[in-house]
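Undergrad: You'll find input_39.pdb just under this line, and it carries PDB, C-alpha atoms and all ligand atoms.
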ATOM      1  CA  MET A   1     -14.170   1.889   1.620
ATOM      2  CA  PRO A   2     -13.573  -0.392   4.541
ATOM      3  CA  GLN A   3     -13.821   1.318   7.852
ATOM      4  CA  HIS A   4     -10.721  -0.259   9.230
ATOM      5  CA  PHE A   5      -8.451   1.019   6.536
ATOM      6  CA  ALA A   6      -6.711   3.745   8.463
ATOM      7  CA  ASP A   7      -6.201   1.615  11.522
ATOM      8  CA  LEU A   8      -5.002  -1.317   9.592
ATOM      9  CA  PHE A   9      -2.628   0.778   7.677
ATOM     10  CA  MET A  10      -1.166   2.463  10.696
ATOM     11  CA  GLU A  11      -0.706  -0.862  12.302
ATOM     12  CA  ASN A  12       1.035  -2.297   9.299
ATOM     13  CA  LEU A  13       3.235   0.562   8.644
ATOM     14  CA  THR A  14       4.795   1.374  11.924
ATOM     15  CA  ASP A  15       7.063  -1.565  11.634
ATOM     16  CA  ASP A  16       8.079  -0.694   8.111
ATOM     17  CA  LEU A  17       8.827   2.819   9.081
ATOM     18  CA  LYS A  18      11.120   1.822  11.849
ATOM     19  CA  ARG A  19      12.928  -0.448   9.522
ATOM     20  CA  GLN A  20      13.371   1.709   6.540
ATOM     21  CA  LEU A  21      13.621   5.264   7.454
ATOM     22  CA  THR A  22      17.316   5.429   7.872
ATOM     23  CA  SER A  23      17.643   5.014   4.173
ATOM     24  CA  VAL A  24      15.634   7.344   2.058
ATOM     25  CA  ASP A  25      17.298   7.698  -1.270
ATOM     26  CA  ASP A  26      15.184   7.548  -4.300
ATOM     27  CA  SER A  27      15.421   4.086  -5.738
ATOM     28  CA  ARG A  28      11.922   3.442  -6.817
ATOM     29  CA  GLY A  29      11.847  -0.060  -8.136
ATOM     30  CA  ARG A  30       8.714   0.683 -10.063
ATOM     31  CA  LYS A  31       9.330  -1.976 -12.631
ATOM     32  CA  ASN A  32       8.976  -4.702 -10.104
ATOM     33  CA  THR A  33       5.746  -6.498 -10.913
ATOM     34  CA  LEU A  34       6.557  -9.854  -9.419
ATOM     35  CA  ARG A  35       4.454 -10.558  -6.437
ATOM     36  CA  SER A  36       6.450 -10.803  -3.305
ATOM     37  CA  PRO A  37       6.541 -14.420  -2.158
ATOM     38  CA  SER A  38       5.907 -13.321   1.380
ATOM     39  CA  PHE A  39       2.675 -11.594   0.499
ATOM     40  CA  LYS A  40      -0.385 -13.509   1.640
ATOM     41  CA  MET A  41      -3.987 -12.593   1.888
ATOM     42  CA  SER A  42      -7.080 -14.688   2.356
ATOM     43  CA  ALA A  43      -9.867 -14.899  -0.213
ATOM     44  CA  ASP A  44     -12.239 -13.333   2.301
ATOM     45  CA  GLU A  45      -9.979 -10.397   2.856
ATOM     46  CA  ILE A  46      -9.573  -9.871  -0.862
ATOM     47  CA  LYS A  47     -13.293 -10.082  -1.519
ATOM     48  CA  GLY A  48     -13.929  -7.801   1.397
ATOM     49  CA  GLY A  49     -12.055  -5.078  -0.422
ATOM     50  CA  MET A  50      -9.025  -5.011   1.817
ATOM     51  CA  ILE A  51      -6.705  -2.224   0.875
ATOM     52  CA  VAL A  52      -3.052  -3.076   0.592
ATOM     53  CA  PRO A  53       0.104  -1.086   0.063
ATOM     54  CA  TYR A  54       1.464  -1.658  -3.410
ATOM     55  CA  ARG A  55       4.927  -2.280  -2.157
ATOM     56  CA  GLU A  56       3.717  -4.851   0.297
ATOM     57  CA  VAL A  57       2.462  -6.894  -2.624
ATOM     58  CA  PHE A  58       5.245  -6.273  -5.077
ATOM     59  CA  GLY A  59       8.050  -4.886  -3.040
ATOM     60  CA  GLU A  60      10.821  -6.779  -1.451
ATOM     61  CA  LEU A  61       9.805  -6.744   2.133
ATOM     62  CA  ASP A  62      12.675  -8.968   2.862
ATOM     63  CA  HIS A  63      13.527  -8.416   6.455
ATOM     64  CA  THR A  64      17.029  -9.689   6.000
ATOM     65  CA  GLU A  65      17.962  -6.426   4.454
ATOM     66  CA  PRO A  66      16.776  -3.639   6.669
ATOM     67  CA  GLY A  67      16.560  -0.334   4.941
ATOM     68  CA  LYS A  68      15.921  -1.883   1.565
ATOM     69  CA  ALA A  69      12.203  -1.453   1.648
ATOM     70  CA  GLN A  70      11.706   2.144   0.811
ATOM     71  CA  PHE A  71       8.945   4.450  -0.014
ATOM     72  CA  GLU A  72       8.577   4.486  -3.724
ATOM     73  CA  PHE A  73       7.563   8.079  -3.911
ATOM     74  CA  SER A  74       9.266  11.024  -2.406
ATOM     75  CA  PHE A  75       9.252  14.718  -3.056
ATOM     76  CA  GLN A  76      10.380  17.969  -1.550
ATOM     77  CA  TYR A  77       8.231  20.863  -0.615
ATOM     78  CA  GLN A  78       9.673  24.025   0.891
ATOM     79  CA  GLY A  79      12.823  22.266   1.928
ATOM     80  CA  THR A  80      11.108  19.349   3.639
ATOM     81  CA  ASN A  81      11.094  15.785   2.398
ATOM     82  CA  TYR A  82       7.878  13.878   2.057
ATOM     83  CA  PHE A  83       7.044  10.314   1.215
ATOM     84  CA  VAL A  84       3.972   8.830  -0.301
ATOM     85  CA  GLU A  85       2.692   5.327  -0.104
ATOM     86  CA  ASP A  86       0.004   4.089  -2.479
ATOM     87  CA  LEU A  87      -2.549   1.469  -1.546
ATOM     88  CA  TYR A  88      -5.246  -0.256  -3.527
ATOM     89  CA  CYS A  89      -8.251  -2.466  -3.071
ATOM     90  CA  MET A  90      -7.396  -5.996  -4.126
ATOM     91  CA  ASN A  91     -10.834  -7.287  -5.003
ATOM     92  CA  PRO A  92     -10.819  -7.928  -8.752
ATOM     93  CA  GLU A  93     -14.621  -7.710  -8.793
ATOM     94  CA  CYS A  94     -14.596  -4.271  -7.278
ATOM     95  CA  ASP A  95     -14.473  -1.311  -9.564
ATOM     96  CA  CYS A  96     -13.480   1.325  -7.050
ATOM     97  CA  ALA A  97     -10.978   3.021  -9.394
ATOM     98  CA  THR A  98      -9.175   4.799  -6.590
ATOM     99  CA  ALA A  99      -5.654   5.074  -5.295
ATOM    100  CA  HIS A 100      -5.405   5.461  -1.540
ATOM    101  CA  LEU A 101      -2.453   7.597  -0.603
ATOM    102  CA  ASN A 102      -0.637   8.076   2.631
ATOM    103  CA  PHE A 103       1.656  11.010   3.072
ATOM    104  CA  PHE A 104       4.580  11.103   5.438
ATOM    105  CA  GLN A 105       6.836  13.886   6.501
ATOM    106  CA  TYR A 106      10.461  13.182   7.076
ATOM    107  CA  GLU A 107      12.129  14.459  10.217
ATOM    108  CA  PRO A 108      15.867  14.532   9.566
ATOM    109  CA  GLU A 109      16.804  15.131  13.194
ATOM    110  CA  LYS A 110      15.018  11.945  14.192
ATOM    111  CA  ALA A 111      15.818  10.112  10.976
ATOM    112  CA  LYS A 112      12.235   9.023  10.671
ATOM    113  CA  ALA A 113       9.000   9.966   9.043
ATOM    114  CA  HIS A 114       5.555  10.350  10.464
ATOM    115  CA  GLN A 115       2.231  10.145   8.793
ATOM    116  CA  ILE A 116       0.555  13.457   8.138
ATOM    117  CA  PHE A 117      -2.508  12.681   6.070
ATOM    118  CA  ILE A 118      -4.470  10.089   4.134
ATOM    119  CA  CYS A 119      -6.320  10.803   0.935
ATOM    120  CA  ASN A 120      -8.074   9.101  -1.922
ATOM    121  CA  PHE A 121      -7.254   9.937  -5.499
ATOM    122  CA  SER A 122      -9.975   8.777  -7.868
ATOM    123  CA  PHE A 123      -9.221   7.867 -11.446
ATOM    124  CA  GLU A 124     -11.400  10.744 -12.490
ATOM    125  CA  GLY A 125      -8.654  12.830 -10.998
ATOM    126  CA  LYS A 126     -10.560  13.866  -7.896
ATOM    127  CA  LEU A 127      -8.833  14.241  -4.573
ATOM    128  CA  GLU A 128     -10.619  13.415  -1.354
ATOM    129  CA  ILE A 129      -8.740  14.080   1.831
ATOM    130  CA  GLU A 130      -9.759  11.519   4.350
ATOM    131  CA  THR A 131      -7.743  12.090   7.482
ATOM    132  CA  VAL A 132      -5.447  14.942   8.364
ATOM    133  CA  ILE A 133      -3.238  14.688  11.379
ATOM    134  CA  PRO A 134      -2.874  18.039  13.157
ATOM    135  CA  PRO A 135      -1.113  20.406  13.126
ATOM    136  CA  LEU A 136      -1.409  19.894   9.379
ATOM    137  CA  THR A 137      -4.545  21.396   7.908
ATOM    138  CA  GLU A 138      -6.681  20.091   5.090
ATOM    139  CA  GLN A 139      -5.578  23.003   2.961
ATOM    140  CA  GLU A 140      -1.930  22.208   3.517
ATOM    141  CA  ALA A 141      -2.606  18.579   2.757
ATOM    142  CA  ALA A 142      -4.168  19.506  -0.568
ATOM    143  CA  LYS A 143      -1.175  21.706  -1.322
ATOM    144  CA  LEU A 144       1.222  18.872  -0.600
ATOM    145  CA  PHE A 145      -0.729  16.575  -2.828
ATOM    146  CA  GLU A 146      -0.586  19.111  -5.658
ATOM    147  CA  SER A 147       3.105  19.547  -5.138
ATOM    148  CA  TRP A 148       3.681  15.814  -5.424
ATOM    149  CA  LYS A 149       1.422  15.595  -8.463
ATOM    150  CA  GLN A 150       3.528  18.189 -10.208
ATOM    151  CA  GLU A 151       6.585  16.054  -9.714
ATOM    152  CA  GLU A 152       4.774  13.021 -11.041
ATOM    153  CA  PRO A 153       3.256  14.293 -14.248
ATOM    154  CA  ASP A 154       1.956  10.856 -15.224
ATOM    155  CA  LEU A 155       0.572  10.213 -11.794
ATOM    156  CA  LEU A 156      -2.894   9.207 -12.895
ATOM    157  CA  GLU A 157      -1.556   6.755 -15.463
ATOM    158  CA  LEU A 158       0.910   5.416 -12.956
ATOM    159  CA  VAL A 159      -1.616   4.738 -10.222
ATOM    160  CA  LYS A 160      -4.020   3.215 -12.742
ATOM    161  CA  GLU A 161      -1.314   0.824 -13.793
ATOM    162  CA  ARG A 162      -0.471  -0.075 -10.218
ATOM    163  CA  TYR A 163      -4.151  -0.488  -9.396
ATOM    164  CA  GLN A 164      -4.427  -2.946 -12.270
ATOM    165  CA  GLN A 165      -1.415  -4.876 -11.055
ATOM    166  CA  ILE A 166      -2.927  -5.145  -7.591
ATOM    167  CA  LYS A 167      -6.232  -6.329  -9.045
ATOM    168  CA  ASP A 168      -4.365  -8.931 -11.081
ATOM    169  CA  ALA A 169      -2.543 -10.077  -7.981
ATOM    170  CA  GLY A 170      -5.893 -10.317  -6.189
ATOM    171  CA  ARG A 171      -7.328 -12.348  -9.044
ATOM    172  CA  GLN A 172      -4.336 -14.623  -8.962
ATOM    173  CA  LEU A 173      -4.520 -15.080  -5.211
ATOM    174  CA  LEU A 174      -8.211 -15.953  -5.440
ATOM    175  CA  LYS A 175      -7.446 -18.512  -8.096
ATOM    176  CA  GLU A 176      -4.726 -20.009  -5.949
ATOM    177  CA  SER A 177      -6.992 -20.148  -2.925
ATOM    178  CA  LYS A 178      -9.600 -22.056  -4.950
ATOM    179  CA  LYS A 179      -7.040 -24.593  -6.029
ATOM    180  CA  LYS A 180      -6.077 -25.221  -2.454
ATOM    181  CA  LYS A 181      -9.631 -26.063  -1.439
ATOM    182  CA  PRO A 182     -10.209 -29.805  -1.430
ATOM    183  CA  SER A 183     -12.859 -30.858  -3.889
ATOM    184  CA  ALA A 184     -16.051 -32.139  -2.282
ATOM    185  CA  LYS A 185     -16.123 -35.130  -4.572
ATOM    186  CA  VAL A 186     -12.695 -36.366  -3.707
ATOM    187  CA  LYS A 187     -12.787 -38.129  -0.399
ATOM    188  CA  ARG A 188      -9.308 -37.595   0.718
ATOM    189  CA  THR A 189      -7.952 -36.342   3.936
ATOM    190  CA  ILE A 190      -5.905 -33.289   3.527
ATOM    191  CA  ALA A 191      -4.037 -32.067   6.487
ATOM    192  CA  GLY A 192      -5.541 -28.647   6.959
ATOM    193  CA  LYS A 193      -2.788 -26.208   7.359
ATOM    194  CA  LYS A 194      -3.985 -23.541   9.698
ATOM    195  CA  LYS A 195      -2.810 -20.258   8.501
ATOM    196  CA  LYS A 196      -1.473 -18.217  11.313
ATOM    197  CA  LYS A 197      -2.741 -14.719  11.435
ATOM    198  CA  LYS A 198       0.273 -12.574  11.629
ATOM    199  CA  ARG A 199      -0.094  -8.921  12.142
ATOM    200  CA  LYS A 200       2.920  -6.796  12.428
ATOM    201  CA  LYS A 201       2.946  -4.441  15.329
TER     202      LYS A 201
HETATM  203 ZN    ZN B   1     -12.429  -1.791  -4.336
END
As structure tokens, how would this structure be written, given the file I've shared?
TA:
Amino acid sequence: MPQHFADLFMENLTDDLKRQLTSVDDSRGRKNTLRSPSFKMSADEIKGGMIVPYREVFGELDHTEPGKAQFEFSFQYQGTNYFVEDLYCMNPECDCATAHLNFFQYEPEKAKAHQIFICNFSFEGKLEIETVIPPLTEQEAAKLFESWKQEEPDLLELVKERYQQIKDAGRQLLKESKKKKPSAKVKRTIAGKKKKKKRKK
């Protein structure tokens, strides 16, 4: 698991959170398997096992409609709303068989959610809690996970399916990146488009 995962994720998500958390109804859009046209990732990043949020790849992160990008999973536990985001490694060659999950707690008075823990859910059904943000404890985190799992009885099947979709997208992106590379045999000048590294703050 790449070291930078947590950092990267935090960095990516803050912006999303700001944008979406005023609207939290449960429209899950799970059937959406078309890759978002705005999703880009380099071959190196894919091969390096970069972990990406499912909805960033398949969701409509169309900034023209703030509030549209929503967490796909939500549940209630003891009167509090929680959200879950699932992330996967994109490298089609990598057999990590794990869903990376980020849990958020909704604060109605602030109309926003904050991250409370990160865990890995292996396809053998094992939970590994990676980071817990105090005051939450590891025990509470495990409880929250169980509570969510109960509301998603097909959770394992669901994350396996989404994992596969992400791997397929990774495969596709790698194929596309190969096509873009100029062949060594063809002596043609191709204006190299420098891809701008854009990281959301
Ligand atoms: Zn992997």
Undergrad: Would you compute the distance between atom CA of A:Pro108 and atom CA of A:Val57? Give it in Å to one decimal.
TA: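 Atom CA of A:Val57 lies at a distance of 28.1 Å from atom CA of A:Pro108.
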Undergrad: Which of these residues is nearest to ligand ZN 1 (chain B), using only C-alpha atoms and all ligand atoms: A:Pro53, A:Gly59, A:Gly125, A:Gly48?
TA: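 Residue with the minimum atom-to-atom distance to ligand ZN 1 (chain B): A:Gly48.
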Undergrad: 7 Å from ligand ZN 1 (chain B) is the threshold here; counting all atoms listed in the file, which polymer residues fall inside it? Answer as an MDAnalysis selection string.
TA: chainID A and resid 49 89:91 94:96
Undergrad: In Å, with one decimal, what is the gap from atom CA of A:Ser36 to atom CA of A:Glu85?
TA: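 According to the coordinates, atom CA of A:Ser36 and atom CA of A:Glu85 are separated by 16.9 Å.
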Undergrad: Which residue is closest to A:Lys175? Choose from A:Ser42, A:Glu138, A:Phe123, A:Ile118 and count only C-alpha atoms.
TA: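 The shortest atom-to-atom distance to A:Lys175 comes from A:Ser42.
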Undergrad: Give me the residues within 12 Å of A:Leu136 as a VMD selection string, counting all atoms listed in the file and dropping any in the same chain fewer than 6 places off.
TA: chain A and resid 103 to 105 114 to 118 142 to 144
Undergrad: Using Å and a single decimal, report how far atom CA of A:Ala97 sits from atom CA of A:Glu176.
TA: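 Atom-to-atom, atom CA of A:Glu176 to atom CA of A:Ala97, that is 24.1 Å.
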Undergrad: Excluding A:Ser177 and any residue of its chain fewer than 6 positions from it, enumerate the residues within 12 Å of it, using only C-alpha atoms, and give them as a VMD selection string.
TA: chain A and resid 40 to 47 170 to 171
Undergrad: Starting from the displayed file, determine the output of the PyMOL selection byres (((chain A and resi 121) around 8) and not hetatm) and express the residue list as a list in words.
TA: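 Written out, the selection comes to Thr98, Ala99, His100, Leu101, Cys119, Asn120, Ser122, Phe123, Gly125, Lys126, Leu127 and Glu128 of chain A.
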Undergrad: I need stretch 68-157 of chain A written out with C-alpha atoms, as an mmCIF file, in the first residue's frame; please produce it.
TA:
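As a result, part13.cif now contains:
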data_model
loop_
_atom_site.group_PDB
_atom_site.id
_atom_site.type_symbol
_atom_site.label_atom_id
_atom_site.label_comp_id
_atom_site.auth_asym_id
_atom_site.auth_seq_id
_atom_site.Cartn_x
_atom_site.Cartn_y
_atom_site.Cartn_z
ATOM 1 C CA LYS A 68 -24.171 16.823 -7.246
ATOM 2 C CA ALA A 69 -21.139 14.814 -6.355
ATOM 3 C CA GLN A 70 -22.188 12.921 -3.321
ATOM 4 C CA PHE A 71 -20.937 10.188 -1.181
ATOM 5 C CA GLU A 72 -22.305 6.989 -2.523
ATOM 6 C CA PHE A 73 -22.626 5.349 0.820
ATOM 7 C CA SER A 74 -24.275 6.679 3.879
ATOM 8 C CA PHE A 75 -25.675 5.165 7.012
ATOM 9 C CA GLN A 76 -26.933 6.112 10.422
ATOM 10 C CA TYR A 77 -25.584 4.965 13.698
ATOM 11 C CA GLN A 78 -27.078 6.100 16.988
ATOM 12 C CA GLY A 79 -28.727 9.065 15.381
ATOM 13 C CA THR A 80 -25.632 10.317 13.582
ATOM 14 C CA ASN A 81 -25.097 10.255 9.847
ATOM 15 C CA TYR A 82 -21.969 8.791 8.374
ATOM 16 C CA PHE A 83 -20.566 8.618 4.895
ATOM 17 C CA VAL A 84 -18.215 6.170 3.341
ATOM 18 C CA GLU A 85 -15.988 6.585 0.371
ATOM 19 C CA ASP A 86 -14.421 3.580 -1.334
ATOM 20 C CA LEU A 87 -11.062 3.683 -3.055
ATOM 21 C CA TYR A 88 -9.162 1.120 -5.054
ATOM 22 C CA CYS A 89 -5.761 0.491 -6.525
ATOM 23 C CA MET A 90 -5.883 1.028 -10.267
ATOM 24 C CA ASN A 91 -2.996 -1.149 -11.353
ATOM 25 C CA PRO A 92 -4.499 -3.997 -13.378
ATOM 26 C CA GLU A 93 -1.388 -6.092 -12.717
ATOM 27 C CA CYS A 94 -1.771 -5.770 -8.992
ATOM 28 C CA ASP A 95 -3.798 -8.336 -7.176
ATOM 29 C CA CYS A 96 -4.303 -6.485 -3.924
ATOM 30 C CA ALA A 97 -7.973 -7.508 -3.585
ATOM 31 C CA THR A 98 -8.768 -4.766 -1.109
ATOM 32 C CA ALA A 99 -11.229 -1.938 -0.802
ATOM 33 C CA HIS A 100 -9.869 1.121 0.959
ATOM 34 C CA LEU A 101 -12.577 2.866 2.902
ATOM 35 C CA ASN A 102 -12.796 6.307 4.352
ATOM 36 C CA PHE A 103 -15.414 7.092 6.919
ATOM 37 C CA PHE A 104 -16.838 10.518 7.544
ATOM 38 C CA GLN A 105 -19.100 11.826 10.216
ATOM 39 C CA TYR A 106 -21.675 14.389 9.337
ATOM 40 C CA GLU A 107 -22.053 17.464 11.500
ATOM 41 C CA PRO A 108 -25.509 18.890 10.848
ATOM 42 C CA GLU A 109 -24.849 22.152 12.669
ATOM 43 C CA LYS A 110 -21.933 22.863 10.359
ATOM 44 C CA ALA A 111 -23.495 21.176 7.349
ATOM 45 C CA LYS A 112 -20.289 19.331 6.685
ATOM 46 C CA ALA A 113 -18.588 16.061 7.331
ATOM 47 C CA HIS A 114 -15.171 15.289 8.658
ATOM 48 C CA GLN A 115 -13.066 12.242 8.247
ATOM 49 C CA ILE A 116 -12.956 9.950 11.238
ATOM 50 C CA PHE A 117 -11.076 6.872 10.119
ATOM 51 C CA ILE A 118 -9.510 4.964 7.252
ATOM 52 C CA CYS A 119 -9.609 1.217 6.911
ATOM 53 C CA ASN A 120 -8.901 -1.561 4.478
ATOM 54 C CA PHE A 121 -11.450 -4.239 3.770
ATOM 55 C CA SER A 122 -9.876 -7.277 2.142
ATOM 56 C CA PHE A 123 -11.841 -9.525 -0.157
ATOM 57 C CA GLU A 124 -11.352 -12.281 2.350
ATOM 58 C CA GLY A 125 -13.622 -10.184 4.486
ATOM 59 C CA LYS A 126 -10.940 -8.960 6.861
ATOM 60 C CA LEU A 127 -11.013 -5.467 8.261
ATOM 61 C CA GLU A 128 -7.815 -3.591 8.964
ATOM 62 C CA ILE A 129 -8.166 -0.207 10.557
ATOM 63 C CA GLU A 130 -5.402 1.970 9.306
ATOM 64 C CA THR A 131 -5.862 5.409 10.775
ATOM 65 C CA VAL A 132 -8.261 6.574 13.435
ATOM 66 C CA ILE A 133 -8.686 10.239 14.081
ATOM 67 C CA PRO A 134 -9.209 10.976 17.784
ATOM 68 C CA PRO A 135 -11.421 11.250 19.717
ATOM 69 C CA LEU A 136 -12.700 8.206 17.850
ATOM 70 C CA THR A 137 -11.181 4.967 19.054
ATOM 71 C CA GLU A 138 -10.256 1.912 17.048
ATOM 72 C CA GLN A 139 -13.021 0.002 18.759
ATOM 73 C CA GLU A 140 -15.597 2.585 17.786
ATOM 74 C CA ALA A 141 -14.270 2.579 14.259
ATOM 75 C CA ALA A 142 -14.731 -1.174 14.030
ATOM 76 C CA LYS A 143 -18.252 -0.789 15.378
ATOM 77 C CA LEU A 144 -19.082 1.811 12.761
ATOM 78 C CA PHE A 145 -17.748 -0.406 10.050
ATOM 79 C CA GLU A 146 -19.907 -3.288 11.268
ATOM 80 C CA SER A 147 -22.908 -1.039 11.403
ATOM 81 C CA TRP A 148 -22.389 0.026 7.805
ATOM 82 C CA LYS A 149 -21.789 -3.560 6.724
ATOM 83 C CA GLN A 150 -25.130 -4.547 8.165
ATOM 84 C CA GLU A 151 -26.829 -1.969 6.017
ATOM 85 C CA GLU A 152 -24.984 -3.190 2.961
ATOM 86 C CA PRO A 153 -25.534 -6.916 3.086
ATOM 87 C CA ASP A 154 -23.838 -7.476 -0.270
ATOM 88 C CA LEU A 155 -20.939 -5.267 0.629
ATOM 89 C CA LEU A 156 -18.216 -7.715 -0.279
ATOM 90 C CA GLU A 157 -19.750 -8.430 -3.675
#
